[in-house]
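input_19.txt follows; it contains compact mmCIF, C-alpha atoms and all ligand atoms.
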# COMPACT_ATOMS: atom_id res chain seq x y z
CA MET A 1 74.78 88.88 109.74
CA SER A 2 78.38 87.74 109.34
CA GLU A 3 79.68 84.22 109.07
CA HIS A 4 82.53 83.64 111.52
CA TYR A 5 85.74 81.71 110.83
CA GLU A 6 88.87 80.94 112.83
CA VAL A 7 90.94 82.02 109.84
CA VAL A 8 89.99 83.90 106.67
CA ILE A 9 92.56 83.69 103.89
CA ILE A 10 92.34 86.46 101.31
CA GLY A 11 93.82 85.17 98.04
CA GLY A 12 93.88 81.61 96.74
CA GLY A 13 97.17 81.27 94.89
CA ALA A 14 99.92 78.83 95.89
CA ALA A 15 100.45 80.64 99.21
CA GLY A 16 96.81 80.93 100.30
CA LEU A 17 95.74 77.48 99.11
CA ASN A 18 98.64 75.72 100.83
CA ALA A 19 97.84 77.51 104.07
CA ALA A 20 94.19 76.43 103.68
CA LEU A 21 95.23 72.83 103.00
CA VAL A 22 97.29 72.49 106.20
CA LEU A 23 94.74 74.37 108.32
CA GLY A 24 91.97 72.15 106.91
CA ARG A 25 93.98 69.04 107.76
CA SER A 26 94.26 70.49 111.28
CA LYS A 27 90.44 70.66 111.51
CA ARG A 28 90.46 74.49 111.49
CA ASN A 29 87.43 76.41 110.33
CA VAL A 30 88.81 78.31 107.32
CA LEU A 31 87.44 80.44 104.50
CA VAL A 32 89.40 81.29 101.34
CA LEU A 33 88.13 84.36 99.48
CA ASP A 34 89.78 84.51 96.08
CA GLU A 35 89.33 86.81 93.11
CA ASN A 36 91.05 84.13 91.03
CA LYS A 37 93.31 86.41 88.97
CA ALA A 38 96.84 85.18 89.68
CA ARG A 39 99.65 87.19 88.07
CA ASN A 40 101.03 84.15 86.23
CA ASN A 41 97.72 83.47 84.45
CA VAL A 42 99.27 85.05 81.35
CA THR A 43 101.67 82.10 80.97
CA LYS A 44 101.03 78.76 79.33
CA ALA A 45 103.20 76.81 81.79
CA SER A 46 104.83 77.20 85.21
CA HIS A 47 108.24 75.78 85.95
CA GLY A 48 110.54 74.88 88.83
CA PHE A 49 107.97 73.28 91.18
CA LEU A 50 108.97 69.66 91.66
CA THR A 51 106.31 67.22 90.31
CA ARG A 52 104.54 70.17 88.60
CA ASP A 53 107.22 71.36 86.16
CA GLY A 54 105.44 72.63 83.04
CA VAL A 55 101.95 72.67 84.58
CA LYS A 56 99.40 75.19 83.26
CA PRO A 57 98.63 77.82 85.94
CA GLU A 58 94.86 77.13 85.66
CA GLU A 59 95.43 73.39 86.10
CA PHE A 60 97.64 73.97 89.15
CA LYS A 61 94.92 76.14 90.62
CA GLU A 62 92.12 73.69 89.88
CA MET A 63 94.05 70.87 91.53
CA GLY A 64 94.72 73.07 94.56
CA ILE A 65 91.08 74.04 94.97
CA GLY A 66 90.04 70.38 94.53
CA GLU A 67 92.45 69.32 97.27
CA ILE A 68 91.35 71.90 99.87
CA LYS A 69 87.68 71.13 99.21
CA ALA A 70 88.28 67.57 100.43
CA TYR A 71 88.47 68.97 103.98
CA PRO A 72 84.99 69.74 105.38
CA SER A 73 86.08 72.67 107.57
CA VAL A 74 87.49 74.58 104.56
CA SER A 75 85.35 76.75 102.27
CA TYR A 76 86.48 78.42 99.05
CA ILE A 77 84.47 81.31 97.61
CA GLU A 78 85.39 83.16 94.44
CA SER A 79 85.03 86.73 95.62
CA LYS A 80 86.95 90.00 95.62
CA VAL A 81 87.57 91.40 99.10
CA THR A 82 86.90 95.12 99.13
CA SER A 83 87.30 96.00 102.77
CA LEU A 84 89.05 94.74 105.87
CA HIS A 85 89.15 96.18 109.36
CA LYS A 86 89.61 95.11 112.96
CA ASP A 87 87.24 95.95 115.74
CA SER A 88 87.22 94.68 119.35
CA GLY A 89 89.75 91.97 118.50
CA LEU A 90 87.77 90.66 115.52
CA PHE A 91 88.53 91.10 111.81
CA HIS A 92 85.64 92.19 109.58
CA ILE A 93 85.94 91.27 105.93
CA HIS A 94 83.66 92.37 103.14
CA GLY A 95 83.50 91.04 99.61
CA ASP A 96 80.82 90.86 96.90
CA GLY A 97 77.99 91.94 99.22
CA GLN A 98 78.89 89.45 101.97
CA ASN A 99 80.33 90.09 105.43
CA TYR A 100 82.58 87.71 107.31
CA THR A 101 84.36 87.86 110.65
CA ALA A 102 87.55 86.07 111.66
CA ASP A 103 89.93 85.71 114.60
CA ARG A 104 92.87 85.83 112.19
CA VAL A 105 93.40 86.92 108.61
CA ILE A 106 96.06 85.75 106.17
CA VAL A 107 96.69 88.05 103.22
CA ALA A 108 97.98 86.07 100.24
CA THR A 109 96.79 88.33 97.45
CA GLY A 110 100.01 88.53 95.40
CA MET A 111 101.16 91.29 93.08
CA LYS A 112 100.09 92.68 89.71
CA ASP A 113 102.40 93.72 86.89
CA GLU A 114 102.39 96.78 84.67
CA LEU A 115 104.23 96.22 81.42
CA PRO A 116 106.42 98.91 79.84
CA ASP A 117 104.69 101.25 77.43
CA ILE A 118 105.80 99.49 74.23
CA LYS A 119 103.32 98.70 71.45
CA GLY A 120 102.72 94.95 71.19
CA VAL A 121 104.35 93.98 74.50
CA ASP A 122 101.06 92.69 75.93
CA LEU A 123 100.78 90.24 73.01
CA VAL A 124 104.10 88.52 73.77
CA TYR A 125 104.29 88.71 77.58
CA GLY A 126 103.81 85.25 79.05
CA THR A 127 104.31 83.41 75.74
CA SER A 128 107.77 84.37 74.46
CA VAL A 129 108.72 87.38 76.61
CA PHE A 130 108.95 87.00 80.38
CA HIS A 131 110.36 88.54 83.52
CA CYS A 132 111.88 85.64 85.48
CA PRO A 133 114.67 83.68 83.73
CA TYR A 134 114.46 80.86 86.30
CA CYS A 135 110.79 80.41 85.36
CA ASP A 136 111.18 80.62 81.58
CA GLY A 137 114.89 80.81 80.61
CA TRP A 138 115.21 77.12 79.75
CA GLU A 139 112.48 77.31 77.09
CA ARG A 140 114.30 80.25 75.44
CA ARG A 141 117.83 78.80 75.69
CA GLU A 142 120.24 79.60 72.81
CA GLU A 143 117.57 81.77 71.11
CA PRO A 144 118.13 85.30 69.80
CA LEU A 145 116.69 87.27 72.70
CA ALA A 146 115.78 90.88 73.45
CA VAL A 147 116.27 92.25 76.94
CA PHE A 148 114.13 95.28 77.75
CA GLY A 149 115.03 97.63 80.56
CA ASN A 150 116.98 100.70 81.49
CA ASP A 151 117.80 100.95 85.12
CA PRO A 152 121.13 100.37 86.87
CA GLY A 153 120.18 96.72 87.46
CA ILE A 154 120.19 95.96 83.74
CA LEU A 155 123.80 94.74 83.59
CA ASP A 156 123.31 92.17 86.36
CA TYR A 157 120.08 91.01 84.71
CA VAL A 158 121.86 90.58 81.38
CA LYS A 159 124.71 88.61 83.02
CA LEU A 160 122.07 86.22 84.33
CA ILE A 161 120.19 85.80 81.05
CA TYR A 162 123.53 85.29 79.25
CA ASN A 163 123.60 81.94 81.06
CA TRP A 164 120.69 80.74 78.88
CA SER A 165 121.53 82.54 75.62
CA GLN A 166 124.53 84.55 74.49
CA ASP A 167 122.67 86.01 71.51
CA LEU A 168 121.39 89.07 73.34
CA MET A 169 120.34 92.59 72.42
CA ILE A 170 119.45 95.11 75.10
CA PHE A 171 116.74 97.64 74.25
CA THR A 172 116.89 100.56 76.67
CA ASN A 173 114.14 102.49 74.83
CA GLY A 174 116.10 105.74 75.24
CA PRO A 175 119.63 106.74 76.33
CA ALA A 176 121.12 103.91 78.43
CA GLU A 177 121.61 104.66 82.13
CA ILE A 178 124.85 102.72 82.42
CA THR A 179 128.48 103.86 82.53
CA SER A 180 130.87 103.81 79.56
CA GLU A 181 132.82 100.97 81.30
CA GLU A 182 129.63 98.94 81.48
CA LYS A 183 128.94 99.63 77.79
CA GLU A 184 132.45 98.37 77.01
CA ASP A 185 131.83 95.28 79.14
CA LEU A 186 128.69 94.49 77.11
CA LYS A 187 130.64 94.96 73.86
CA GLN A 188 133.36 92.57 75.05
CA HIS A 189 130.67 89.94 75.61
CA GLY A 190 129.08 90.51 72.20
CA VAL A 191 125.87 91.95 73.66
CA ALA A 192 124.36 94.68 71.45
CA LEU A 193 123.00 97.81 73.12
CA ILE A 194 120.15 99.54 71.24
CA GLU A 195 119.34 102.90 72.79
CA GLU A 196 116.82 104.07 70.20
CA THR A 197 113.13 104.27 71.15
CA VAL A 198 111.29 101.03 70.43
CA ARG A 199 108.30 101.63 68.16
CA GLU A 200 106.74 98.18 68.16
CA LEU A 201 107.11 94.49 68.88
CA VAL A 202 105.93 92.39 65.95
CA SER A 203 104.69 88.92 66.87
CA GLU A 204 102.61 85.95 65.74
CA ASP A 205 100.40 84.09 68.24
CA GLY A 206 102.39 85.55 71.11
CA TYR A 207 105.77 84.63 69.62
CA LEU A 208 108.06 87.61 69.11
CA LYS A 209 109.39 88.00 65.57
CA HIS A 210 110.91 91.49 65.38
CA VAL A 211 111.69 94.52 67.47
CA VAL A 212 111.17 97.67 65.39
CA THR A 213 112.73 100.98 66.45
CA GLU A 214 111.77 104.60 65.62
CA SER A 215 114.11 104.74 62.61
CA ASP A 216 112.43 101.63 61.10
CA GLU A 217 115.37 99.41 61.98
CA VAL A 218 114.13 95.81 62.31
CA TYR A 219 115.83 93.39 64.71
CA ASP A 220 114.92 89.71 64.49
CA ARG A 221 114.38 88.31 67.98
CA SER A 222 112.33 85.23 68.97
CA GLY A 223 111.82 86.02 72.64
CA GLY A 224 113.08 88.02 75.53
CA PHE A 225 112.95 89.26 79.08
CA ILE A 226 111.69 92.44 80.71
CA LEU A 227 113.64 93.74 83.70
CA GLU A 228 110.99 96.02 85.17
CA THR A 229 107.33 95.02 85.30
CA SER A 230 106.46 97.83 87.76
CA GLU A 231 104.76 95.41 90.10
CA SER A 232 102.41 96.61 92.79
CA GLN A 233 100.23 95.02 95.45
CA SER A 234 96.97 93.49 94.18
CA PHE A 235 95.19 94.17 97.47
CA PRO A 236 95.61 97.57 99.18
CA LEU A 237 96.19 96.29 102.73
CA HIS A 238 98.05 99.52 103.53
CA GLU A 239 94.78 101.45 103.07
CA TYR A 240 93.14 99.47 105.86
CA PHE A 241 96.06 99.19 108.30
CA ASP A 242 99.20 101.15 109.02
CA ILE A 243 101.59 98.76 107.26
CA GLU A 244 104.97 99.63 105.77
CA PHE A 245 106.39 98.39 102.47
CA THR A 246 109.71 96.55 102.15
CA ASP A 247 112.31 97.58 99.54
CA MET A 248 110.90 94.86 97.27
CA GLY A 249 107.37 96.33 97.43
CA GLY A 250 106.13 93.63 99.81
CA TYR A 251 104.17 94.28 103.00
CA TYR A 252 106.44 94.36 106.04
CA THR A 253 106.03 91.52 108.54
CA LYS A 254 107.97 90.27 111.51
CA ASP A 255 109.63 86.82 111.36
CA GLY A 256 106.81 84.32 111.11
CA CYS A 257 104.82 86.44 108.61
CA GLU A 258 102.77 88.37 111.20
CA THR A 259 102.37 92.09 110.57
CA LEU A 260 102.51 94.60 113.42
CA VAL A 261 98.72 94.09 113.68
CA ASP A 262 97.98 91.11 115.98
CA GLY A 263 96.48 88.20 114.05
CA LEU A 264 97.13 89.67 110.59
CA TYR A 265 99.62 87.79 108.42
CA VAL A 266 101.08 88.24 104.93
CA ILE A 267 102.58 85.45 102.81
CA GLY A 268 103.81 84.80 99.26
CA ASP A 269 104.34 87.53 96.66
CA SER A 270 102.47 90.06 98.84
CA ARG A 271 105.29 89.67 101.35
CA HIS A 272 108.26 89.38 99.00
CA GLY A 273 107.30 91.12 95.74
CA PHE A 274 108.19 87.95 93.86
CA SER A 275 108.43 84.66 95.73
CA GLY A 276 107.86 82.01 93.06
CA LEU A 277 105.28 79.26 93.49
CA LEU A 278 107.32 76.95 95.69
CA LYS A 279 108.29 79.58 98.25
CA ALA A 280 104.72 80.93 98.27
CA ALA A 281 103.35 77.43 98.93
CA SER A 282 105.97 76.65 101.57
CA GLU A 283 105.27 79.91 103.37
CA GLY A 284 101.56 78.98 103.43
CA TYR A 285 102.50 75.60 104.89
CA GLU A 286 104.82 77.04 107.54
CA LEU A 287 102.40 79.71 108.67
CA ALA A 288 99.53 77.21 108.92
CA VAL A 289 101.68 74.90 111.06
CA ALA A 290 102.65 77.79 113.37
CA LEU A 291 99.05 79.04 113.68
CA ASN A 292 97.63 75.62 114.39
CA HIS A 293 100.32 74.95 116.97
CA GLU A 294 99.44 78.16 118.79
CA LEU A 295 95.69 77.43 118.66
CA ALA A 296 96.22 73.86 119.87
CA VAL A 297 98.36 74.99 122.82
CA ASN A 298 95.81 77.71 123.71
CA ALA A 299 92.99 75.13 123.70
CA TRP A 300 95.06 72.80 125.90
CA ASP A 301 95.79 75.59 128.41
CA ARG A 302 92.12 76.63 128.60
CA LYS A 303 91.22 73.09 129.69
CA GLY A 304 93.94 72.95 132.34
C1 LIG B 401 104.64 85.79 83.69
C2 LIG B 401 104.95 85.08 84.97
C3 LIG B 401 105.44 83.78 84.94
C4 LIG B 401 105.77 83.14 86.12
N1 LIG B 401 106.25 81.87 86.06
C5 LIG B 401 106.57 81.23 87.20
C6 LIG B 401 107.11 79.90 87.14
O1 LIG B 401 107.30 79.33 86.07
N2 LIG B 401 107.46 79.33 88.32
C7 LIG B 401 107.29 79.95 89.55
O2 LIG B 401 107.62 79.37 90.58
N3 LIG B 401 106.77 81.20 89.61
C8 LIG B 401 106.41 81.84 88.47
N4 LIG B 401 105.90 83.11 88.53
C9 LIG B 401 105.74 83.74 89.86
C10 LIG B 401 104.48 83.20 90.53
O3 LIG B 401 103.36 83.39 89.69
C11 LIG B 401 104.25 83.93 91.85
O4 LIG B 401 105.44 84.04 92.60
C12 LIG B 401 103.20 83.13 92.67
O5 LIG B 401 102.01 83.03 91.91
C13 LIG B 401 102.94 83.80 94.00
O6 LIG B 401 101.90 83.11 94.65
P1 LIG B 401 100.90 83.89 95.62
O7 LIG B 401 99.99 82.84 96.15
O8 LIG B 401 101.66 84.71 96.57
O9 LIG B 401 100.11 84.91 94.67
P2 LIG B 401 99.19 84.64 93.39
O10 LIG B 401 99.48 83.33 92.77
O11 LIG B 401 99.29 85.84 92.54
O12 LIG B 401 97.73 84.52 94.00
C14 LIG B 401 97.09 85.63 94.59
C15 LIG B 401 95.60 85.39 94.53
O13 LIG B 401 94.96 86.42 95.31
C16 LIG B 401 93.85 86.91 94.58
N5 LIG B 401 93.48 88.26 95.02
C17 LIG B 401 94.12 89.44 94.78
N6 LIG B 401 93.43 90.47 95.30
C18 LIG B 401 92.33 89.93 95.90
C19 LIG B 401 91.22 90.47 96.60
N7 LIG B 401 91.07 91.79 96.78
N8 LIG B 401 90.27 89.62 97.05
C20 LIG B 401 90.37 88.28 96.86
N9 LIG B 401 91.41 87.72 96.18
C21 LIG B 401 92.36 88.52 95.71
C22 LIG B 401 94.34 86.87 93.13
O14 LIG B 401 93.26 86.98 92.23
C23 LIG B 401 95.05 85.53 93.10
O15 LIG B 401 94.16 84.48 92.81
C24 LIG B 401 105.57 83.79 87.37
C25 LIG B 401 105.06 85.09 87.40
C26 LIG B 401 104.75 85.74 86.23
C27 LIG B 401 104.20 87.12 86.28

Conversion result in structure tokens:
Amino acid sequence: MSEHYEVVIIGGGAAGLNAALVLGRSKRNVLVLDENKARNNVTKASHGFLTRDGVKPEEFKEMGIGEIKAYPSVSYIESKVTSLHKDSGLFHIHGDGQNYTADRVIVATGMKDELPDIKGVDLVYGTSVFHCPYCDGWERREEPLAVFGNDPGILDYVKLIYNWSQDLMIFTNGPAEITSEEKEDLKQHGVALIEETVRELVSEDGYLKHVVTESDEVYDRSGGFILETSESQSFPLHEYFDIEFTDMGGYYTKDGCETLVDGLYVIGDSRHGFSGLLKAASEGYELAVALNHELAVNAWDRKG
């Protein structure tokens, strides 16, 4: 036996919960299935979301779940979805031993990060070393920072971080993949380039103290940024449907967030690679408004 819903939302981060909120307020019968492992759980505070600047990710989530539960047609179940397929116009969803069916499915499962292979990086990521300077640059302003990365995008990334602190050292963890002109440019701006292999990051309670290289050189740094976190999709939608990836690693959709599969939508990080909380939430809002509008018009026409 399967429980049936008008919309099943897979993933309950900012994107999925905001979609559920607006659909619930539109009296839609909605289920959110959420593994509850958002990628920003490693941080102590989220920034840049008006009225929630500095909020703990868990607190943001708790408030979101509390708000959607106020609407009787919305259910939230903590569960990992392990299969999804479409048969005779109906989606079949399976998670934690339960089966569900839905007319439409919204995938809002986000991305997961894989940190570079540097000893100690997991201890500092989310506390003093981050990926997104808009999320965490302010807290690290004017500090001696390390920038980790070695792909052609590194120079642009450094130019951005330079806005928050000009005391920068780039650690490429091997020969730098930039031109000699770019090296000169860094020198002109007083940015040190360390090409030696990094042996270890030394930290205390998540706060970076030193970067130690193979030759035992010790560089004092109190925080930093990582260019490449090798992000990948948390939920393998492409294994269930023939869906392409965008250049940013997101699932391809048409305008309006619908994939090439009728009734299957993707929002938030899963669509963009990295959307930030506000864009994820707003995309959930916009999609819910569009879906409800369509359902309302269909219901009107059926009665005509
Ligand atoms: C270290 C770090 C710090 C950040 N700081 C900020 C910040 O300060 N400000 C900001 O705006 N953004 C920040 N971000 C980015 C922000 O976290 C994301 O852009 C945002 O969370 C995307 O929302 P989402 O709803 O798309 O995905 P998520 O918030 O990742 O939510 C996806 C949900 O889907 C669930 N899920 C995944 N797979 C399944 C499955 N198979 N079944 C059921 N559920 C599943 C996950 O467990 C999770 O609960 C940060 C990111 C990182 C990594």

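Each of A:Gly276, A:Gly120, A:Gly89, A:Gly137 was checked against Phe49 of chain A using only C-alpha atoms; the smallest atom-to-atom distance is that of A:Gly276.
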
Polymer residues at most 8 Å from (88.6, 84.2, 95.5) by only C-alpha atoms, as JSON, numbers by chain: {"A": [10, 11, 12, 32, 33, 34, 35, 36, 76, 77, 78, 79, 80]}

Using all atoms listed in the file, find each residue with an atom at most 7 Å away from ligand LIG 401 (chain B) and format the answer as a PyMOL selection string. chain A and resi 10-16+33-40+42-43+45-49+79-82+108-111+113+125-126+130-132+135-136+234-235+267-270+274-278+280-281

Grab the residues selected above and save them as an mmCIF file, keeping the file's coordinate frame with C-alpha atoms.
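To be explicit, this is the file written out as out-v1.cif:
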data_model
loop_
_atom_site.group_PDB
_atom_site.id
_atom_site.type_symbol
_atom_site.label_atom_id
_atom_site.label_comp_id
_atom_site.auth_asym_id
_atom_site.auth_seq_id
_atom_site.Cartn_x
_atom_site.Cartn_y
_atom_site.Cartn_z
ATOM 1 C CA ILE A 10 92.340 86.460 101.310
ATOM 2 C CA GLY A 11 93.820 85.170 98.040
ATOM 3 C CA GLY A 12 93.880 81.610 96.740
ATOM 4 C CA GLY A 13 97.170 81.270 94.890
ATOM 5 C CA ALA A 14 99.920 78.830 95.890
ATOM 6 C CA ALA A 15 100.450 80.640 99.210
ATOM 7 C CA GLY A 16 96.810 80.930 100.300
ATOM 8 C CA LEU A 33 88.130 84.360 99.480
ATOM 9 C CA ASP A 34 89.780 84.510 96.080
ATOM 10 C CA GLU A 35 89.330 86.810 93.110
ATOM 11 C CA ASN A 36 91.050 84.130 91.030
ATOM 12 C CA LYS A 37 93.310 86.410 88.970
ATOM 13 C CA ALA A 38 96.840 85.180 89.680
ATOM 14 C CA ARG A 39 99.650 87.190 88.070
ATOM 15 C CA ASN A 40 101.030 84.150 86.230
ATOM 16 C CA VAL A 42 99.270 85.050 81.350
ATOM 17 C CA THR A 43 101.670 82.100 80.970
ATOM 18 C CA ALA A 45 103.200 76.810 81.790
ATOM 19 C CA SER A 46 104.830 77.200 85.210
ATOM 20 C CA HIS A 47 108.240 75.780 85.950
ATOM 21 C CA GLY A 48 110.540 74.880 88.830
ATOM 22 C CA PHE A 49 107.970 73.280 91.180
ATOM 23 C CA SER A 79 85.030 86.730 95.620
ATOM 24 C CA LYS A 80 86.950 90.000 95.620
ATOM 25 C CA VAL A 81 87.570 91.400 99.100
ATOM 26 C CA THR A 82 86.900 95.120 99.130
ATOM 27 C CA ALA A 108 97.980 86.070 100.240
ATOM 28 C CA THR A 109 96.790 88.330 97.450
ATOM 29 C CA GLY A 110 100.010 88.530 95.400
ATOM 30 C CA MET A 111 101.160 91.290 93.080
ATOM 31 C CA ASP A 113 102.400 93.720 86.890
ATOM 32 C CA TYR A 125 104.290 88.710 77.580
ATOM 33 C CA GLY A 126 103.810 85.250 79.050
ATOM 34 C CA PHE A 130 108.950 87.000 80.380
ATOM 35 C CA HIS A 131 110.360 88.540 83.520
ATOM 36 C CA CYS A 132 111.880 85.640 85.480
ATOM 37 C CA CYS A 135 110.790 80.410 85.360
ATOM 38 C CA ASP A 136 111.180 80.620 81.580
ATOM 39 C CA SER A 234 96.970 93.490 94.180
ATOM 40 C CA PHE A 235 95.190 94.170 97.470
ATOM 41 C CA ILE A 267 102.580 85.450 102.810
ATOM 42 C CA GLY A 268 103.810 84.800 99.260
ATOM 43 C CA ASP A 269 104.340 87.530 96.660
ATOM 44 C CA SER A 270 102.470 90.060 98.840
ATOM 45 C CA PHE A 274 108.190 87.950 93.860
ATOM 46 C CA SER A 275 108.430 84.660 95.730
ATOM 47 C CA GLY A 276 107.860 82.010 93.060
ATOM 48 C CA LEU A 277 105.280 79.260 93.490
ATOM 49 C CA LEU A 278 107.320 76.950 95.690
ATOM 50 C CA ALA A 280 104.720 80.930 98.270
ATOM 51 C CA ALA A 281 103.350 77.430 98.930
#

Compile the contact shell of Leu237 of chain A as an mmCIF file with C-alpha atoms, keeping the file's coordinate frame: residues with an atom at most 8 Å away, counting only C-alpha atoms, same-chain residues fewer than 4 positions apart removed.
data_model
loop_
_atom_site.group_PDB
_atom_site.id
_atom_site.type_symbol
_atom_site.label_atom_id
_atom_site.label_comp_id
_atom_site.auth_asym_id
_atom_site.auth_seq_id
_atom_site.Cartn_x
_atom_site.Cartn_y
_atom_site.Cartn_z
ATOM 1 C CA LEU A 84 89.050 94.740 105.870
ATOM 2 C CA PHE A 241 96.060 99.190 108.300
ATOM 3 C CA ILE A 243 101.590 98.760 107.260
#

Counting all atoms listed in the file, the residue of A:Met63, A:Val212, A:Ile106, A:Ile226 that sits nearest Val266 of chain A: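 Among the listed residues, the smallest separation from Val266 of chain A belongs to A:Ile106.
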
Long-range neighbours of Thr229 of chain A as a count of residues only, 7 Å cut-off, only C-alpha atoms, 5 positions minimum in chain: 4

From the set A:Asp301, A:Asp156, A:Asp220, A:Asp262, which residue has the shortest atom-to-atom contact distance to Glu182 of chain A, counting all atoms listed in the file?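 Residue with the minimum atom-to-atom distance to Glu182 of chain A: A:Asp156.
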
Among the residues A:Leu155, A:Leu260, A:Ile194, A:Ala70, the one that comes closest to Val211 of chain A [using all atoms listed in the file]: A:Ile194

As a list in words, please: the residues near Phe245 of chain A (cut-off 10 Å, only C-alpha atoms, same-chain neighbours under 3 positions excluded). Gln233, His238, Met248, Gly249, Gly250, Tyr251, Tyr252, Thr253, Ser270, Arg271, His272 and Gly273 of chain A

Write out as a ChimeraX atom specification the residues lying within 12 Å of Val129 of chain A, counting all atoms listed in the file and excluding same-chain residues fewer than 5 positions away. /A:42-44,115,120-124,135-137,139-140,143-148,201,203,206-209,211,221-227,229

For C-alpha atoms, I'd like the residues from the last selection saved as an mmCIF file, in the frame of the given file.
data_model
loop_
_atom_site.group_PDB
_atom_site.id
_atom_site.type_symbol
_atom_site.label_atom_id
_atom_site.label_comp_id
_atom_site.auth_asym_id
_atom_site.auth_seq_id
_atom_site.Cartn_x
_atom_site.Cartn_y
_atom_site.Cartn_z
ATOM 1 C CA VAL A 42 99.270 85.050 81.350
ATOM 2 C CA THR A 43 101.670 82.100 80.970
ATOM 3 C CA LYS A 44 101.030 78.760 79.330
ATOM 4 C CA LEU A 115 104.230 96.220 81.420
ATOM 5 C CA GLY A 120 102.720 94.950 71.190
ATOM 6 C CA VAL A 121 104.350 93.980 74.500
ATOM 7 C CA ASP A 122 101.060 92.690 75.930
ATOM 8 C CA LEU A 123 100.780 90.240 73.010
ATOM 9 C CA VAL A 124 104.100 88.520 73.770
ATOM 10 C CA CYS A 135 110.790 80.410 85.360
ATOM 11 C CA ASP A 136 111.180 80.620 81.580
ATOM 12 C CA GLY A 137 114.890 80.810 80.610
ATOM 13 C CA GLU A 139 112.480 77.310 77.090
ATOM 14 C CA ARG A 140 114.300 80.250 75.440
ATOM 15 C CA GLU A 143 117.570 81.770 71.110
ATOM 16 C CA PRO A 144 118.130 85.300 69.800
ATOM 17 C CA LEU A 145 116.690 87.270 72.700
ATOM 18 C CA ALA A 146 115.780 90.880 73.450
ATOM 19 C CA VAL A 147 116.270 92.250 76.940
ATOM 20 C CA PHE A 148 114.130 95.280 77.750
ATOM 21 C CA LEU A 201 107.110 94.490 68.880
ATOM 22 C CA SER A 203 104.690 88.920 66.870
ATOM 23 C CA GLY A 206 102.390 85.550 71.110
ATOM 24 C CA TYR A 207 105.770 84.630 69.620
ATOM 25 C CA LEU A 208 108.060 87.610 69.110
ATOM 26 C CA LYS A 209 109.390 88.000 65.570
ATOM 27 C CA VAL A 211 111.690 94.520 67.470
ATOM 28 C CA ARG A 221 114.380 88.310 67.980
ATOM 29 C CA SER A 222 112.330 85.230 68.970
ATOM 30 C CA GLY A 223 111.820 86.020 72.640
ATOM 31 C CA GLY A 224 113.080 88.020 75.530
ATOM 32 C CA PHE A 225 112.950 89.260 79.080
ATOM 33 C CA ILE A 226 111.690 92.440 80.710
ATOM 34 C CA LEU A 227 113.640 93.740 83.700
ATOM 35 C CA THR A 229 107.330 95.020 85.300
#

For Gly263 of chain A, list every protein, DNA or RNA residue within 10 Å, evaluated using all atoms listed in the file, and leave out those in the same chain fewer than 5 positions away; present the list as an MDAnalysis selection string. chainID A and resid 7 86 89:91 102:106 258 291

Find, counting all atoms listed in the file, the residue in A:Val8, A:Ser73, A:Glu231, A:Leu23 that gets nearest to Ala288 of chain A. A:Leu23

How many Å lie between atom CA of Asp117 of chain A and atom CA of Ala176 of chain A, rounded to one decimal?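 Result for atom CA of Asp117 of chain A versus atom CA of Ala176 of chain A: 16.7 Å, one decimal.
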
Please fill the gaps in segment 4-13 of chain A so it has N, CA and C atoms, and write that as a tab-separated table (two decimals), keeping the file's coordinate frame.
chain	number	residue	atom	x	y	z
A	4	HIS	N	81.26	83.53	110.79
A	4	HIS	CA	82.53	83.64	111.52
A	4	HIS	C	83.45	82.44	111.22
A	5	TYR	N	84.73	82.74	111.09
A	5	TYR	CA	85.74	81.71	110.83
A	5	TYR	C	86.93	81.90	111.77
A	6	GLU	N	87.62	80.80	112.05
A	6	GLU	CA	88.87	80.94	112.83
A	6	GLU	C	89.90	81.71	112.01
A	7	VAL	N	89.98	81.35	110.73
A	7	VAL	CA	90.94	82.02	109.84
A	7	VAL	C	90.27	82.33	108.50
A	8	VAL	N	90.37	83.57	108.06
A	8	VAL	CA	89.99	83.90	106.67
A	8	VAL	C	91.28	84.16	105.90
A	9	ILE	N	91.39	83.50	104.75
A	9	ILE	CA	92.56	83.69	103.89
A	9	ILE	C	92.09	84.50	102.68
A	10	ILE	N	92.71	85.64	102.48
A	10	ILE	CA	92.34	86.46	101.31
A	10	ILE	C	93.37	86.16	100.23
A	11	GLY	N	92.92	85.55	99.14
A	11	GLY	CA	93.82	85.17	98.04
A	11	GLY	C	94.04	83.68	98.01
A	12	GLY	N	93.76	83.07	96.87
A	12	GLY	CA	93.88	81.61	96.74
A	12	GLY	C	94.87	81.22	95.66
A	13	GLY	N	96.09	81.75	95.75
A	13	GLY	CA	97.17	81.27	94.89
A	13	GLY	C	97.91	80.16	95.65
